[in-house]
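Below is one structure; the comments refer to it alone.
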Amino acid sequence: MKNRSNRRAFLTGLRLSLSAFLMALVMVSCMSTRSSSAGGEVTGVGGFSFAEPTPYGMVLIDRGAYMMGPANSDSLAGIRADQRGVSVDAFWMDETEITNSKYKQFVFWVRDSIIRERLADPAYGGNEAFKIEEDKEGNPIKPYLNWNKAIPWRNANEDEQRAIESLYRTNPITGQRELDPTQLNYVYEVYNHTEAAKRKNRLDPTRREYNTDIPVSTEMPVISKDTAYFDDEGNIVRQTVTRPLTGDYDFLNTYIVNVYPDTTAWINDFDNAYNEPYTRLYFSHAGYNNYPVVGVSWEQANAFSNWRTDFLRRSLGKEGVYIEPFRLPTEAEWEYAARAGNSESSYPWDETLPYDERGCFYANFKPMDGDFVRDGHVITSPVGTFKPNDFGLYDMAGNVSEWTSTAYTESINRLTSDLNPEYRYDAAVEDPYKMKRKIVRGGSWKDVSRNLRSDLRMWEYQNEQRSYIGFRNVRSQIGFARGTQKKKK
């Protein structure tokens, strides 16, 4: 993989977004209703199928079936055979892990959105140009930020300077001006389609039970929804509200997530180690831009996924074509992609050893006791340093472990379907901590080779931030895969 600057990546992504928009226009223009010219026969409406444009930096993973989980037990390694056949539908997947550079784009967007809010606030001068509250006819609308209005980083007046500086602080030790990470909170909403679709949660009681021998109960089901808000002191308050169902808004969950990575993870993950330079530089210094972001929790990874979806949709405009949301992969999707659909291999490569006949390593990991550098790297490596697997995906073993969307429980295989298996549990604040475990996969730069196996399940708490866990996004493929993906020989 070649390094790319942020600007070049942004422009390329924008061009791809515009291409998708233009394709949508072409698709709409090609729609036809042929019933009037087909002698009264039913011919269907809605246009023709189309090939979805490849999302920037992603690879299409065709639908497929495989044997999920380890095939053989290994008592020495504590591995128990637990294999079963599953099928997954087609999806797009990031060819590399999310980098510091890409995650910084998210952090800076949150920073700029907060500054724009404050520039429009009367307490900082109230420049209405930074927030649109009326349409062209002067009618009130739902307010939104004006991203076309540039932030006056230079030559700001007194009020504007106060608004900008309010998001920065002076380090009391070094005296340096730096961004205040405690203020970088991202607010977003997610509609829970799964819960809303369940028969038991339908608003119309007559549609909850189709068995006409059972009397219809008009009692409304009890549902839970997540909500978050800022209290009078500016603290984030998270709650899970349980109440009788009143309408569709009860399936709309609100989250407030601080998006800044925990850079201290480099110190807290390792006792008595001099990792201070990583804490100071790994996320902030441009020299690490093309390295995988770490120190992000499962909650932060989900916030990034939501922002990435919204960012693309905004670039397409209000009338843009529908896109599937970016999200974390399910555990089944991740394993299928890592093993390149090969049920016979426990790794992203065909061999059982982590290196080829020339001694060249396939991944970034800990080759020997106390020896992190034999593979050429002491901590993480730039994404795409090692060869991709047969699906064209880089670093599916080693470098950093990766979050999945799947919740962890010891009985997960007995709970999930064999079609697109997924176990989702949105833990409430008051739930026991063990119910907040999420599955991570792939092993990392600090792990020995056996922990790189693609068929092994590991977990971490959803709010933990580790120096060895990152993530990548997927997006469900619209329509159907054409079977063009071939396994490399």
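Following the order of the structure tokens, first chain is A, next is B, and so on, with residues numbered from 1 inside each chain and ligands from 1 in the order they appear.
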
Could you please write out, as a PyMOL selection string, every residue of segment 234-392 of chain A that DSSP assigns to helix (DSSP H, G or I)?
chain A and resi 248-251+265-268+276-281+286-288+298-316+331-338

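Counting only C-alpha atoms, Met68 of chain A has the following residues at most 9 Å away, ignoring those fewer than 4 positions along the same chain: Asp82, Gln83, Arg84, Gly85, Val86, Ala332, Glu335, Tyr336, Ser343 and Asp455 of chain A.
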
For those residues, write all heavy atoms to a file as a PDB file, in the first residue's frame.
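Output file again_33.pdb follows:
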ATOM      1  N   ASP A  82     -15.248 -26.577  17.649  1.00  0.00           N
ATOM      2  CA  ASP A  82     -16.615 -26.049  17.740  1.00  0.00           C
ATOM      3  C   ASP A  82     -16.982 -25.463  16.375  1.00  0.00           C
ATOM      4  O   ASP A  82     -17.216 -24.269  16.241  1.00  0.00           O
ATOM      5  CB  ASP A  82     -16.688 -24.989  18.840  1.00  0.00           C
ATOM      6  CG  ASP A  82     -18.126 -24.612  19.168  1.00  0.00           C
ATOM      7  OD1 ASP A  82     -19.036 -25.374  18.798  1.00  0.00           O
ATOM      8  OD2 ASP A  82     -18.333 -23.545  19.784  1.00  0.00           O
ATOM      9  N   GLN A  83     -17.041 -26.317  15.378  1.00  0.00           N
ATOM     10  CA  GLN A  83     -17.231 -25.856  14.008  1.00  0.00           C
ATOM     11  C   GLN A  83     -18.659 -26.099  13.541  1.00  0.00           C
ATOM     12  O   GLN A  83     -19.282 -27.099  13.898  1.00  0.00           O
ATOM     13  CB  GLN A  83     -16.260 -26.578  13.071  1.00  0.00           C
ATOM     14  CG  GLN A  83     -16.089 -25.923  11.727  1.00  0.00           C
ATOM     15  CD  GLN A  83     -14.956 -26.546  10.923  1.00  0.00           C
ATOM     16  OE1 GLN A  83     -14.965 -27.737  10.649  1.00  0.00           O
ATOM     17  NE2 GLN A  83     -13.968 -25.734  10.568  1.00  0.00           N
ATOM     18  N   ARG A  84     -19.176 -25.179  12.755  1.00  0.00           N
ATOM     19  CA  ARG A  84     -20.508 -25.338  12.174  1.00  0.00           C
ATOM     20  C   ARG A  84     -20.580 -24.565  10.869  1.00  0.00           C
ATOM     21  O   ARG A  84     -19.875 -23.580  10.655  1.00  0.00           O
ATOM     22  CB  ARG A  84     -21.588 -24.838  13.132  1.00  0.00           C
ATOM     23  CG  ARG A  84     -21.540 -23.337  13.400  1.00  0.00           C
ATOM     24  CD  ARG A  84     -22.693 -22.923  14.275  1.00  0.00           C
ATOM     25  NE  ARG A  84     -22.720 -21.465  14.454  1.00  0.00           N
ATOM     26  CZ  ARG A  84     -23.820 -20.731  14.434  1.00  0.00           C
ATOM     27  NH1 ARG A  84     -24.997 -21.308  14.230  1.00  0.00           N
ATOM     28  NH2 ARG A  84     -23.781 -19.430  14.632  1.00  0.00           N
ATOM     29  N   GLY A  85     -21.455 -25.018   9.983  1.00  0.00           N
ATOM     30  CA  GLY A  85     -21.609 -24.366   8.691  1.00  0.00           C
ATOM     31  C   GLY A  85     -22.501 -23.148   8.776  1.00  0.00           C
ATOM     32  O   GLY A  85     -23.562 -23.183   9.397  1.00  0.00           O
ATOM     33  N   VAL A  86     -22.056 -22.055   8.158  1.00  0.00           N
ATOM     34  CA  VAL A  86     -22.850 -20.824   8.112  1.00  0.00           C
ATOM     35  C   VAL A  86     -22.720 -20.202   6.723  1.00  0.00           C
ATOM     36  O   VAL A  86     -21.796 -20.508   5.959  1.00  0.00           O
ATOM     37  CB  VAL A  86     -22.390 -19.793   9.172  1.00  0.00           C
ATOM     38  CG1 VAL A  86     -22.506 -20.363  10.568  1.00  0.00           C
ATOM     39  CG2 VAL A  86     -20.976 -19.323   8.899  1.00  0.00           C
ATOM     40  N   ALA A 332     -19.160 -13.415  12.051  1.00  0.00           N
ATOM     41  CA  ALA A 332     -19.177 -14.373  10.938  1.00  0.00           C
ATOM     42  C   ALA A 332     -18.617 -13.750   9.670  1.00  0.00           C
ATOM     43  O   ALA A 332     -17.879 -14.398   8.914  1.00  0.00           O
ATOM     44  CB  ALA A 332     -20.601 -14.872  10.714  1.00  0.00           C
ATOM     45  N   GLU A 335     -14.708 -13.471  10.069  1.00  0.00           N
ATOM     46  CA  GLU A 335     -13.974 -14.732   9.917  1.00  0.00           C
ATOM     47  C   GLU A 335     -14.003 -15.212   8.469  1.00  0.00           C
ATOM     48  O   GLU A 335     -12.995 -15.699   7.943  1.00  0.00           O
ATOM     49  CB  GLU A 335     -14.564 -15.807  10.838  1.00  0.00           C
ATOM     50  CG  GLU A 335     -13.800 -17.123  10.757  1.00  0.00           C
ATOM     51  CD  GLU A 335     -14.304 -18.171  11.732  1.00  0.00           C
ATOM     52  OE1 GLU A 335     -14.791 -17.806  12.820  1.00  0.00           O
ATOM     53  OE2 GLU A 335     -14.191 -19.375  11.388  1.00  0.00           O
ATOM     54  N   TYR A 336     -15.147 -15.101   7.815  1.00  0.00           N
ATOM     55  CA  TYR A 336     -15.252 -15.507   6.408  1.00  0.00           C
ATOM     56  C   TYR A 336     -14.278 -14.715   5.542  1.00  0.00           C
ATOM     57  O   TYR A 336     -13.585 -15.273   4.681  1.00  0.00           O
ATOM     58  CB  TYR A 336     -16.682 -15.299   5.916  1.00  0.00           C
ATOM     59  CG  TYR A 336     -16.884 -15.591   4.453  1.00  0.00           C
ATOM     60  CD1 TYR A 336     -16.825 -16.898   3.979  1.00  0.00           C
ATOM     61  CD2 TYR A 336     -17.133 -14.562   3.548  1.00  0.00           C
ATOM     62  CE1 TYR A 336     -17.020 -17.165   2.622  1.00  0.00           C
ATOM     63  CE2 TYR A 336     -17.336 -14.821   2.204  1.00  0.00           C
ATOM     64  CZ  TYR A 336     -17.278 -16.130   1.739  1.00  0.00           C
ATOM     65  OH  TYR A 336     -17.456 -16.388   0.394  1.00  0.00           O
ATOM     66  N   SER A 343     -12.504 -22.992   4.381  1.00  0.00           N
ATOM     67  CA  SER A 343     -12.781 -23.686   5.636  1.00  0.00           C
ATOM     68  C   SER A 343     -11.636 -24.564   6.090  1.00  0.00           C
ATOM     69  O   SER A 343     -11.599 -25.011   7.244  1.00  0.00           O
ATOM     70  CB  SER A 343     -14.044 -24.549   5.488  1.00  0.00           C
ATOM     71  OG  SER A 343     -15.169 -23.756   5.169  1.00  0.00           O
ATOM     72  N   ASP A 455      -9.907 -18.427  13.146  1.00  0.00           N
ATOM     73  CA  ASP A 455     -11.073 -19.149  13.653  1.00  0.00           C
ATOM     74  C   ASP A 455     -11.209 -19.070  15.168  1.00  0.00           C
ATOM     75  O   ASP A 455     -12.058 -19.744  15.739  1.00  0.00           O
ATOM     76  CB  ASP A 455     -11.026 -20.612  13.202  1.00  0.00           C
ATOM     77  CG  ASP A 455      -9.747 -21.317  13.658  1.00  0.00           C
ATOM     78  OD1 ASP A 455      -8.874 -20.654  14.235  1.00  0.00           O
ATOM     79  OD2 ASP A 455      -9.632 -22.538  13.399  1.00  0.00           O
TER      80      ASP A 455
END

For Ala265 of chain A, which of A:Arg437, A:Pro55, A:Val45, A:Tyr468 is the closest residue, counting only C-alpha atoms?
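The closest residue to Ala265 of chain A is A:Tyr468.
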
DSSP on the backbone: which residues in segment 15-222 of chain A end up as strand (DSSP E)? Give the answer as a ChimeraX atom specification.
/A:58-61,64-68,84-88,91-94,131-134,140-145,168-170,177-179,185-191,222

Find the residues around Asn253 of chain A up to 9 Å (only C-alpha atoms counted), leave out those fewer than 5 positions away in its own chain, and share them as a short mmCIF file (atom, residue, chain, number, x, y, z; two decimals) with C-alpha atoms, in the first residue's frame.
data_model
loop_
_atom_site.label_atom_id
_atom_site.label_comp_id
_atom_site.auth_asym_id
_atom_site.auth_seq_id
_atom_site.Cartn_x
_atom_site.Cartn_y
_atom_site.Cartn_z
CA TYR A 188 -25.81 10.72 16.95
CA GLU A 189 -29.01 8.71 16.67
CA VAL A 190 -29.57 5.16 15.44
CA TYR A 191 -32.92 3.65 14.54
CA ASN A 192 -33.10 0.02 15.69
CA LYS A 225 -34.23 2.57 24.35
CA ASP A 226 -30.87 4.23 24.94
CA THR A 227 -30.76 7.95 25.46
CA ALA A 228 -28.04 10.43 26.33
#

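Within 12 Å of segment 241-249 of chain A, once only C-alpha atoms are used and residues closer than 5 positions along the same chain are dropped, the contacting residues are Glu189, Val190, Tyr191, Asn192, His193, Glu195, Ala196, Ala197, Lys200, Asn201, Arg202, Leu203, Asp204, Pro205, Thr218, Glu219, Met220, Pro221, Val222, Ile223, Ser224, Lys225, Asp226, Thr227, Ala228, Thr254, Ala428, Val429 and Glu430 of chain A.
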
Given only C-alpha atoms, how would the per-residue table for segment 361-401 of chain A near segment 89-101 of chain A read, listing every residue at most 7 Å away with its closest atom pair and distance in Å to one decimal, sorted by chain and number, as a Markdown table?
| residue | atom | partner | partner_atom | distance |
| --- | --- | --- | --- | --- |
| A:Val383 | CA | A:Thr96 | CA | 6.0 |
| A:Gly384 | CA | A:Thr96 | CA | 6.5 |
| A:Gly392 | CA | A:Glu95 | CA | 6.7 |
| A:Leu393 | CA | A:Glu95 | CA | 4.6 |
| A:Tyr394 | CA | A:Thr96 | CA | 5.3 |
| A:Asp395 | CA | A:Thr96 | CA | 6.7 |

Selection to disk with all heavy atoms, as a compact mmCIF listing (two decimals), in the first residue's frame:
# COMPACT_ATOMS: atom_id res chain seq x y z
N VAL A 383 -0.31 0.16 7.69
CA VAL A 383 -1.29 -0.76 7.12
C VAL A 383 -0.84 -1.15 5.71
O VAL A 383 -0.25 -0.35 4.98
CB VAL A 383 -2.70 -0.14 7.07
CG1 VAL A 383 -3.19 0.16 8.47
CG2 VAL A 383 -2.73 1.12 6.21
N GLY A 384 -1.08 -2.40 5.35
CA GLY A 384 -0.73 -2.87 4.02
C GLY A 384 0.73 -3.22 3.85
O GLY A 384 1.20 -3.38 2.73
N GLY A 392 -7.85 -10.06 -1.04
CA GLY A 392 -7.30 -8.72 -1.21
C GLY A 392 -7.35 -7.88 0.04
O GLY A 392 -7.25 -6.64 -0.03
N LEU A 393 -7.48 -8.51 1.21
CA LEU A 393 -7.56 -7.80 2.49
C LEU A 393 -6.23 -7.87 3.21
O LEU A 393 -5.64 -8.94 3.33
CB LEU A 393 -8.66 -8.41 3.35
CG LEU A 393 -10.07 -8.39 2.76
CD1 LEU A 393 -11.00 -9.28 3.57
CD2 LEU A 393 -10.61 -6.97 2.70
N TYR A 394 -5.79 -6.73 3.73
CA TYR A 394 -4.51 -6.64 4.42
C TYR A 394 -4.69 -6.76 5.94
O TYR A 394 -5.69 -6.29 6.49
CB TYR A 394 -3.82 -5.32 4.11
CG TYR A 394 -3.41 -5.15 2.65
CD1 TYR A 394 -4.32 -4.68 1.71
CD2 TYR A 394 -2.13 -5.48 2.23
CE1 TYR A 394 -3.95 -4.53 0.38
CE2 TYR A 394 -1.74 -5.33 0.91
CZ TYR A 394 -2.66 -4.86 -0.01
OH TYR A 394 -2.29 -4.72 -1.34
N ASP A 395 -3.70 -7.36 6.58
CA ASP A 395 -3.61 -7.37 8.05
C ASP A 395 -4.83 -8.00 8.72
O ASP A 395 -5.26 -7.56 9.79
CB ASP A 395 -3.41 -5.95 8.60
CG ASP A 395 -2.15 -5.30 8.06
OD1 ASP A 395 -1.11 -5.98 8.03
OD2 ASP A 395 -2.21 -4.12 7.69

Residues near Lys149 of chain A, cut-off 12 Å, only C-alpha atoms, skip fewer than 4 positions along chain, as a ChimeraX atom specification:
/A:112-113,115-117,119-120,127-132,145,153

How would the residues just picked look written out with N, CA, C and O atoms as a PDB file, in the first residue's frame?
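Result file selection.pdb:
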ATOM      1  N   ASP A 112     -14.460  20.820  14.370  1.00  0.00           N
ATOM      2  CA  ASP A 112     -14.966  21.920  13.549  1.00  0.00           C
ATOM      3  C   ASP A 112     -16.466  22.118  13.730  1.00  0.00           C
ATOM      4  O   ASP A 112     -16.964  23.253  13.647  1.00  0.00           O
ATOM      5  N   SER A 113     -17.206  21.027  13.945  1.00  0.00           N
ATOM      6  CA  SER A 113     -18.647  21.175  14.151  1.00  0.00           C
ATOM      7  C   SER A 113     -18.934  21.902  15.460  1.00  0.00           C
ATOM      8  O   SER A 113     -19.848  22.743  15.525  1.00  0.00           O
ATOM      9  N   ILE A 115     -16.914  24.067  16.956  1.00  0.00           N
ATOM     10  CA  ILE A 115     -16.525  25.466  16.764  1.00  0.00           C
ATOM     11  C   ILE A 115     -17.601  26.222  15.990  1.00  0.00           C
ATOM     12  O   ILE A 115     -17.948  27.367  16.327  1.00  0.00           O
ATOM     13  N   ARG A 116     -18.168  25.595  14.957  1.00  0.00           N
ATOM     14  CA  ARG A 116     -19.227  26.257  14.190  1.00  0.00           C
ATOM     15  C   ARG A 116     -20.456  26.516  15.069  1.00  0.00           C
ATOM     16  O   ARG A 116     -21.110  27.565  14.954  1.00  0.00           O
ATOM     17  N   GLU A 117     -20.791  25.554  15.912  1.00  0.00           N
ATOM     18  CA  GLU A 117     -21.914  25.760  16.829  1.00  0.00           C
ATOM     19  C   GLU A 117     -21.657  26.978  17.722  1.00  0.00           C
ATOM     20  O   GLU A 117     -22.553  27.792  17.960  1.00  0.00           O
ATOM     21  N   LEU A 119     -19.560  29.519  17.126  1.00  0.00           N
ATOM     22  CA  LEU A 119     -19.519  30.752  16.337  1.00  0.00           C
ATOM     23  C   LEU A 119     -20.924  31.286  16.077  1.00  0.00           C
ATOM     24  O   LEU A 119     -21.122  32.498  15.933  1.00  0.00           O
ATOM     25  N   ALA A 120     -21.909  30.353  16.026  1.00  0.00           N
ATOM     26  CA  ALA A 120     -23.301  30.778  15.827  1.00  0.00           C
ATOM     27  C   ALA A 120     -24.000  31.121  17.136  1.00  0.00           C
ATOM     28  O   ALA A 120     -25.091  31.688  17.135  1.00  0.00           O
ATOM     29  N   ASN A 127     -22.831  34.653  14.992  1.00  0.00           N
ATOM     30  CA  ASN A 127     -22.782  34.794  13.535  1.00  0.00           C
ATOM     31  C   ASN A 127     -23.711  33.761  12.904  1.00  0.00           C
ATOM     32  O   ASN A 127     -23.402  32.574  12.844  1.00  0.00           O
ATOM     33  N   GLU A 128     -24.877  34.218  12.416  1.00  0.00           N
ATOM     34  CA  GLU A 128     -25.894  33.314  11.879  1.00  0.00           C
ATOM     35  C   GLU A 128     -25.450  32.609  10.606  1.00  0.00           C
ATOM     36  O   GLU A 128     -26.082  31.624  10.193  1.00  0.00           O
ATOM     37  N   ALA A 129     -24.378  33.062   9.988  1.00  0.00           N
ATOM     38  CA  ALA A 129     -23.918  32.440   8.751  1.00  0.00           C
ATOM     39  C   ALA A 129     -23.396  31.028   8.979  1.00  0.00           C
ATOM     40  O   ALA A 129     -23.292  30.242   8.038  1.00  0.00           O
ATOM     41  N   PHE A 130     -23.066  30.682  10.233  1.00  0.00           N
ATOM     42  CA  PHE A 130     -22.513  29.357  10.514  1.00  0.00           C
ATOM     43  C   PHE A 130     -23.590  28.314  10.786  1.00  0.00           C
ATOM     44  O   PHE A 130     -23.295  27.136  10.897  1.00  0.00           O
ATOM     45  N   LYS A 131     -24.844  28.750  10.879  1.00  0.00           N
ATOM     46  CA  LYS A 131     -25.934  27.810  11.140  1.00  0.00           C
ATOM     47  C   LYS A 131     -27.171  28.244  10.376  1.00  0.00           C
ATOM     48  O   LYS A 131     -27.634  29.379  10.515  1.00  0.00           O
ATOM     49  N   ILE A 132     -27.695  27.339   9.560  1.00  0.00           N
ATOM     50  CA  ILE A 132     -28.858  27.636   8.741  1.00  0.00           C
ATOM     51  C   ILE A 132     -30.115  27.253   9.502  1.00  0.00           C
ATOM     52  O   ILE A 132     -30.286  26.093   9.907  1.00  0.00           O
ATOM     53  N   LEU A 145     -25.719  22.947  10.498  1.00  0.00           N
ATOM     54  CA  LEU A 145     -24.495  23.728  10.351  1.00  0.00           C
ATOM     55  C   LEU A 145     -24.203  24.019   8.889  1.00  0.00           C
ATOM     56  O   LEU A 145     -24.437  23.193   8.009  1.00  0.00           O
ATOM     57  N   TRP A 153      -9.821  30.789  10.919  1.00  0.00           N
ATOM     58  CA  TRP A 153      -8.635  30.403  11.687  1.00  0.00           C
ATOM     59  C   TRP A 153      -7.637  31.560  11.771  1.00  0.00           C
ATOM     60  O   TRP A 153      -6.910  31.706  12.740  1.00  0.00           O
TER      61      TRP A 153
END

My list of candidates is A:Arg177, A:Arg339, A:Arg111, A:Arg475. Which is closest to Asp390 of chain A when distances are computed with only C-alpha atoms?
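Closest residue, counting only C-alpha atoms: A:Arg339.
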
For a test of reading the model, state the distance in Å between atom CA of Ser449 of chain A and atom CA of Pro382 of chain A, rounded to one decimal.
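Computing it gives 19.2 Å between the two atoms.
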
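Of the listed residues (A:Tyr260, A:Trp459, A:Phe361, A:Trp334), A:Trp459 comes nearest to Thr409 of chain A; the distances count only C-alpha atoms.
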
Neighbours of Asp369 of chain A within 10 Å (only C-alpha atoms; same-chain residues fewer than 3 positions away dropped), as a ChimeraX atom specification?
/A:366,372,448

Please provide the set of residues having any atom within 9 Å of Lys102 of chain A, restricted to only C-alpha atoms, with same-chain residues fewer than 2 positions apart removed, written as a list in words.
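In the requested format, the answer is Asn6, Ile98, Thr99, Asn100, Lys104, Gln105, Phe106, Asn289, Asn290 and Val293 of chain A.
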
For a quick check of understanding, using only C-alpha atoms, which of A:Leu353, A:Ile236, A:Ala51, A:Val296 has the smallest distance to Thr264 of chain A?
A:Val296

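In this structure, atom CA of Ala65 of chain A sits 17.8 Å away from atom CA of Leu456 of chain A.
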